[in-house]
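Visitor: Below: one structure in structure tokens.
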Amino acid sequence: MPRALANGLELEYDTFGDAANPPLVLVMGLGAQMVTWETGFCELIASRGFFVVRFDNRDIGLSAYLDELGAPDLAGISAGQASAPYLLSDLADDTVGLFDALGFAKAHVVGASMGGMVVQQLAIDHPDRLLSLTSIMSTTGDPTVGHTSPAALATLTRPPAATREEAIEQSIASYRTTGSPGYPATDEYLRFKAARGYDRAQHPMGTLRQAAAVVASGDRTEALRSLRLPTVVVHGDSDPMIDVSGGKATAAAIPDAELVVIPGMGHDLPEPLWPEIVGAIVRATSRSYQSGQK
């Protein structure tokens with residue numbers, strides 16, 4: 001897969017569809033590699049007339065690691081007594097840097113979980129670079145919404161696995177805890193997904209630094225109110241990682257945003273829901289053309 005120099009960092013990416021079509025960039029969540037955007041999902045979006053790009057965020061997957069920044073003090077950051085190695089605004093700048101590297105003057109953006117936070121920040125910081133915004137299973141940074149269940153929080157705070165098999169078993173347990181109760185995945189698929197992620201790259205310290213960025217970046221609600229951008233917000237009603245109140249708050253903050261709440265969906269992207277999710281994304285992109293953006 002190719003790499004691009006973006007915001008001073010090398011980012012691993014790949015593409016789907018015709019490069020002559022409007023670009024649509026996918027931004028993944030905390031500690032999640034770009035392959036979490038499944039190939040079939042990307043191909044489905046591309047089939048609707050888009051040039052789709054997925055990439056590994058900094059500090060994860062096959063993109064640049066920032067180990068020289070050290071381990072973050074999450075407790076100190078939460079208490080306002082320590083600084084994060086970087087912020088969500090830096091990840092948003094990485095995304096704009098990828099735009100530049102690939103020659104995109106503007107693009108549609110879709111973010112999931114932490115990726116939703118990144119694309120929200122991208123819209124705040126670089127509104128002139130976006131054609132539409134889709135925020136999936138994410139939140140505004142307001143601590144009163146989008147809470148995490150104790151069971152889901154436990155999947156984030158346990159020590160890193162010592163072996164490949166332990167890592168795979170931990171990942172399967174995490175998927176079972178946070179996935180969609182209405183669309184349960186098979187054991188075979190979860191094991192495949194866990195093994196694929198482990199064998200591709202393992203970088204738990206990067207996940208910690210990304211978590212520090214989320215904690216330190218604060219509440220975006222007021223800044224989101226200033227957006228004038230075609231937006232759709234997608235959230236499951238059974239999400240234990242980021243409660244649906246986070247999605248509702250996001251849609252309420254962004255003027256004229258469409259809110260799509262999907263029954264039985266948790267904190268993942270089950271294949272049976274791909275048509276509905278892609279349909280919502282396409283509605284946001286269609287609104288961008290109707291409003292005269294190019």
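Residues are referred to by chain and number: the chain letter is A, B, ... according to the order shown in the structure tokens, the number counts from 1 in that chain, and ligands are numbered separately from 1 in the order shown.
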I need the residues of segment 104-260 of chain A that end up classed as strand (DSSP E or B) by DSSP on the backbone, written out as a ChimeraX atom specification.

Guide: /A:107-112,130-136,231-236,258-260

Visitor: Give me the residues within 8 Å of Pro22 of chain A as a list of chain:residue names, counting only C-alpha atoms and dropping any in the same chain fewer than 2 places off.

Guide: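 In the requested form, the answer reads A:Ala19, A:Ala20, A:Leu24, A:Gly49, A:Phe50, A:Phe51, A:Ala107, A:His108.
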
Visitor: Create the file for the chosen residues now, containing all heavy atoms and written as a PDB file, in the first residue's frame.

Guide:
```pdb
ATOM      1  N   ALA A  19     -10.274   7.710  -9.531  1.00  0.00           N
ATOM      2  CA  ALA A  19      -9.675   8.940  -9.001  1.00  0.00           C
ATOM      3  C   ALA A  19     -10.300  10.196  -9.586  1.00  0.00           C
ATOM      4  O   ALA A  19     -10.111  11.293  -9.040  1.00  0.00           O
ATOM      5  CB  ALA A  19      -8.167   8.928  -9.260  1.00  0.00           C
ATOM      6  N   ALA A  20     -11.051  10.064 -10.660  1.00  0.00           N
ATOM      7  CA  ALA A  20     -11.727  11.230 -11.235  1.00  0.00           C
ATOM      8  C   ALA A  20     -13.004  11.587 -10.485  1.00  0.00           C
ATOM      9  O   ALA A  20     -13.556  12.680 -10.676  1.00  0.00           O
ATOM     10  CB  ALA A  20     -12.049  10.963 -12.701  1.00  0.00           C
ATOM     11  N   LEU A  24     -13.645  11.058  -1.067  1.00  0.00           N
ATOM     12  CA  LEU A  24     -14.296  10.830   0.220  1.00  0.00           C
ATOM     13  C   LEU A  24     -13.288  10.120   1.115  1.00  0.00           C
ATOM     14  O   LEU A  24     -12.814   9.037   0.782  1.00  0.00           O
ATOM     15  CB  LEU A  24     -15.565  10.002   0.030  1.00  0.00           C
ATOM     16  CG  LEU A  24     -16.451   9.804   1.265  1.00  0.00           C
ATOM     17  CD1 LEU A  24     -17.917   9.666   0.857  1.00  0.00           C
ATOM     18  CD2 LEU A  24     -16.029   8.580   2.080  1.00  0.00           C
ATOM     19  N   GLY A  49     -20.104   6.371  -6.658  1.00  0.00           N
ATOM     20  CA  GLY A  49     -19.520   7.458  -7.437  1.00  0.00           C
ATOM     21  C   GLY A  49     -18.480   8.285  -6.709  1.00  0.00           C
ATOM     22  O   GLY A  49     -18.331   9.480  -6.996  1.00  0.00           O
ATOM     23  N   PHE A  50     -17.725   7.658  -5.800  1.00  0.00           N
ATOM     24  CA  PHE A  50     -16.706   8.381  -5.026  1.00  0.00           C
ATOM     25  C   PHE A  50     -15.342   7.722  -5.159  1.00  0.00           C
ATOM     26  O   PHE A  50     -15.242   6.515  -5.399  1.00  0.00           O
ATOM     27  CB  PHE A  50     -17.103   8.443  -3.542  1.00  0.00           C
ATOM     28  CG  PHE A  50     -18.382   9.175  -3.305  1.00  0.00           C
ATOM     29  CD1 PHE A  50     -19.587   8.472  -3.212  1.00  0.00           C
ATOM     30  CD2 PHE A  50     -18.411  10.555  -3.222  1.00  0.00           C
ATOM     31  CE1 PHE A  50     -20.787   9.148  -3.027  1.00  0.00           C
ATOM     32  CE2 PHE A  50     -19.607  11.228  -3.039  1.00  0.00           C
ATOM     33  CZ  PHE A  50     -20.792  10.528  -2.942  1.00  0.00           C
ATOM     34  N   PHE A  51     -14.301   8.524  -4.996  1.00  0.00           N
ATOM     35  CA  PHE A  51     -12.937   8.044  -4.870  1.00  0.00           C
ATOM     36  C   PHE A  51     -12.649   7.971  -3.380  1.00  0.00           C
ATOM     37  O   PHE A  51     -12.508   8.990  -2.710  1.00  0.00           O
ATOM     38  CB  PHE A  51     -11.964   9.001  -5.567  1.00  0.00           C
ATOM     39  CG  PHE A  51     -10.526   8.553  -5.531  1.00  0.00           C
ATOM     40  CD1 PHE A  51     -10.166   7.299  -5.972  1.00  0.00           C
ATOM     41  CD2 PHE A  51      -9.539   9.404  -5.062  1.00  0.00           C
ATOM     42  CE1 PHE A  51      -8.839   6.891  -5.956  1.00  0.00           C
ATOM     43  CE2 PHE A  51      -8.213   9.009  -5.043  1.00  0.00           C
ATOM     44  CZ  PHE A  51      -7.857   7.744  -5.488  1.00  0.00           C
ATOM     45  N   ALA A 107     -12.855  17.706   0.098  1.00  0.00           N
ATOM     46  CA  ALA A 107     -13.272  16.301   0.129  1.00  0.00           C
ATOM     47  C   ALA A 107     -14.454  16.130   1.068  1.00  0.00           C
ATOM     48  O   ALA A 107     -14.674  16.939   1.979  1.00  0.00           O
ATOM     49  CB  ALA A 107     -12.124  15.402   0.572  1.00  0.00           C
ATOM     50  N   HIS A 108     -15.210  15.086   0.844  1.00  0.00           N
ATOM     51  CA  HIS A 108     -16.178  14.596   1.820  1.00  0.00           C
ATOM     52  C   HIS A 108     -15.407  13.833   2.882  1.00  0.00           C
ATOM     53  O   HIS A 108     -14.425  13.141   2.567  1.00  0.00           O
ATOM     54  CB  HIS A 108     -17.198  13.672   1.157  1.00  0.00           C
ATOM     55  CG  HIS A 108     -17.929  14.272   0.002  1.00  0.00           C
ATOM     56  ND1 HIS A 108     -18.966  15.161   0.162  1.00  0.00           N
ATOM     57  CD2 HIS A 108     -17.759  14.119  -1.343  1.00  0.00           C
ATOM     58  CE1 HIS A 108     -19.425  15.526  -1.028  1.00  0.00           C
ATOM     59  NE2 HIS A 108     -18.708  14.910  -1.957  1.00  0.00           N
TER      60      HIS A 108
END
```

Visitor: In terms of the shortest atom-to-atom distance over only C-alpha atoms, which of A:Gly179, A:Gly8, A:Pro230, A:Pro270 is closest to Asp90 of chain A?

Guide: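 With only C-alpha atoms as the atom set, the closest residue is A:Gly8.
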
Visitor: For atom CA of Thr15 of chain A and atom CA of Leu44 of chain A, determine how far apart the two atoms are, in Å to one decimal place.

Guide: 12.6 Å

Visitor: What lies within 7 Å of Gly266 of chain A using only C-alpha atoms, ignoring chain neighbours under 5 positions off, as a list of chain:residue names?

Guide: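 The residues satisfying every condition are A:Thr178, A:Gly179, A:Ser180, A:Pro181, A:Gly236, A:Asp237, A:Ser238, A:Asp239, A:Pro240.
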
Visitor: Those selected residues, please, written with N, CA and C atoms and delivered as a short mmCIF file (atom, residue, chain, number, x, y, z; two decimals), in the first residue's frame.

Guide:
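Result written to selection-v9.cif:
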```cif
data_model
loop_
_atom_site.label_atom_id
_atom_site.label_comp_id
_atom_site.auth_asym_id
_atom_site.auth_seq_id
_atom_site.Cartn_x
_atom_site.Cartn_y
_atom_site.Cartn_z
N THR A 178 -18.67 -4.69 22.95
CA THR A 178 -19.03 -3.39 22.39
C THR A 178 -19.77 -3.47 21.07
N GLY A 179 -19.85 -4.65 20.47
CA GLY A 179 -20.48 -4.79 19.17
C GLY A 179 -21.99 -4.67 19.22
N SER A 180 -22.59 -4.85 18.05
CA SER A 180 -24.03 -4.63 17.89
C SER A 180 -24.83 -5.83 18.35
N PRO A 181 -25.65 -5.69 19.41
CA PRO A 181 -26.44 -6.83 19.87
C PRO A 181 -27.47 -7.28 18.85
N GLY A 236 -25.76 4.11 16.84
CA GLY A 236 -26.59 2.99 17.26
C GLY A 236 -27.26 3.27 18.59
N ASP A 237 -28.44 2.72 18.77
CA ASP A 237 -29.14 2.93 20.04
C ASP A 237 -28.65 1.99 21.13
N SER A 238 -27.70 1.09 20.77
CA SER A 238 -27.19 0.11 21.73
C SER A 238 -25.67 0.18 21.85
N ASP A 239 -25.14 1.39 21.75
CA ASP A 239 -23.69 1.59 21.76
C ASP A 239 -23.19 1.74 23.20
N PRO A 240 -22.41 0.77 23.71
CA PRO A 240 -21.92 0.87 25.08
C PRO A 240 -20.62 1.66 25.21
#
```

Visitor: One decimal, Å: what's the distance from atom CA of Trp37 of chain A over to atom CA of Pro204 of chain A, could you say?

Guide: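 Computing the Euclidean distance for atom CA of Trp37 of chain A and atom CA of Pro204 of chain A yields 19.5 Å.
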
Visitor: Show me a table, sorted first by chain and then by increasing residue number, of the residues of segment 180-228 of chain A having an atom at most 10 Å from segment 145-163 of chain A, each with its shortest atom pair and the distance in Å to one decimal, counting only C-alpha atoms and written as JSON lines.

Guide:
```
{"residue": "A:Gln202", "atom": "CA", "partner": "A:Pro160", "partner_atom": "CA", "distance": 9.9}
{"residue": "A:His203", "atom": "CA", "partner": "A:Pro160", "partner_atom": "CA", "distance": 9.6}
{"residue": "A:Pro204", "atom": "CA", "partner": "A:Pro160", "partner_atom": "CA", "distance": 6.9}
{"residue": "A:Met205", "atom": "CA", "partner": "A:Pro160", "partner_atom": "CA", "distance": 9.5}
{"residue": "A:Thr207", "atom": "CA", "partner": "A:Leu156", "partner_atom": "CA", "distance": 9.6}
{"residue": "A:Leu208", "atom": "CA", "partner": "A:Leu156", "partner_atom": "CA", "distance": 9.6}
{"residue": "A:Ala211", "atom": "CA", "partner": "A:Leu156", "partner_atom": "CA", "distance": 9.6}
```

Visitor: Would you put the residues from that selection into a file with C-alpha atoms, as a PDB file, in the first residue's frame?

Guide:
```
ATOM      1  CA  GLN A 202       0.606  -3.710  17.260  1.00  0.00           C
ATOM      2  CA  HIS A 203       1.298  -0.365  18.904  1.00  0.00           C
ATOM      3  CA  PRO A 204      -0.496   0.053  22.263  1.00  0.00           C
ATOM      4  CA  MET A 205       1.512   3.148  23.220  1.00  0.00           C
ATOM      5  CA  THR A 207      -3.396   4.078  21.338  1.00  0.00           C
ATOM      6  CA  LEU A 208      -2.623   5.674  24.711  1.00  0.00           C
ATOM      7  CA  ALA A 211      -6.649   8.529  24.045  1.00  0.00           C
TER       8      ALA A 211
END
```

Visitor: Hey, can you check how far atom CA of Val214 of chain A sits from atom CA of Glu276 of chain A?

Guide: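 Taking atom CA of Val214 of chain A and atom CA of Glu276 of chain A, their separation equals 27.9 Å.
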
Visitor: Considering only C-alpha atoms, can you say which of A:Ile172, A:Leu69, A:Ala112, A:Ala212 comes closest to Met34 of chain A?

Guide: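 Closest candidate: A:Ala112.
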
Visitor: Give me every alpha helix (DSSP H) residue in segment 50-284 of chain A, going by DSSP on the backbone, as a ChimeraX atom specification.

Guide: /A:74-78,88-102,114-125,150-157,164-178,187-200,204-216,221-224,244-253,274-284

Visitor: For Leu87 of chain A, which of A:Leu11, A:Val278, A:Ala216, A:Leu259 is the closest residue, counting only C-alpha atoms?

Guide: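 Going through A:Leu11, A:Val278, A:Ala216, A:Leu259 one by one, the smallest distance to Leu87 of chain A is for A:Ala216.
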
Visitor: Out of A:Ala6, A:Met1, A:Leu269, A:Val53, which residue has the shortest atom-to-atom distance to Val109 of chain A when counting only C-alpha atoms?

Guide: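 Distance minimum relative to Val109 of chain A lands on A:Val53.
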
Visitor: Rank A:Thr140, A:Thr285, A:Gln210, A:Thr250 by their smallest atom-to-atom distance to Pro72 of chain A, using only C-alpha atoms, and report the top residue only.

Guide: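 So, comparing all the options, the nearest one is A:Gln210.
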
Visitor: Residues within 12 Å of segment 185-187 of chain A, please, as a short mmCIF file (atom, residue, chain, number, x, y, z; two decimals) with C-alpha atoms, in the first residue's frame. Count only C-alpha atoms; anything in the same chain fewer than 2 positions from it doesn't count.

Guide:
```
data_model
loop_
_atom_site.label_atom_id
_atom_site.label_comp_id
_atom_site.auth_asym_id
_atom_site.auth_seq_id
_atom_site.Cartn_x
_atom_site.Cartn_y
_atom_site.Cartn_z
CA ILE A 168 -6.68 -12.19 19.82
CA GLU A 169 -8.77 -13.45 22.73
CA SER A 171 -9.96 -8.47 20.94
CA ILE A 172 -12.74 -11.02 20.54
CA ALA A 173 -13.94 -10.30 24.08
CA TYR A 175 -15.91 -7.02 20.16
CA ARG A 176 -18.43 -9.12 22.05
CA THR A 177 -18.75 -6.39 24.70
CA THR A 178 -19.03 -3.39 22.39
CA GLY A 179 -20.48 -4.79 19.17
CA SER A 180 -24.03 -4.63 17.89
CA PRO A 181 -26.44 -6.83 19.87
CA GLY A 182 -28.88 -6.74 16.99
CA TYR A 183 -26.26 -7.88 14.49
CA TYR A 189 -15.21 -13.44 11.69
CA LEU A 190 -14.14 -12.00 15.03
CA ARG A 191 -11.11 -14.27 15.18
CA PHE A 192 -10.17 -13.35 11.60
CA LYS A 193 -10.54 -9.65 12.37
CA ALA A 194 -8.51 -9.87 15.58
CA MET A 265 -26.36 -1.11 16.44
CA GLY A 266 -23.49 -0.95 18.91
CA ASP A 268 -19.13 -1.30 15.19
CA LEU A 269 -20.18 -1.35 11.54
CA PRO A 270 -22.02 -4.65 10.92
CA GLU A 271 -22.24 -5.68 7.28
CA PRO A 272 -26.06 -5.90 7.28
#
```
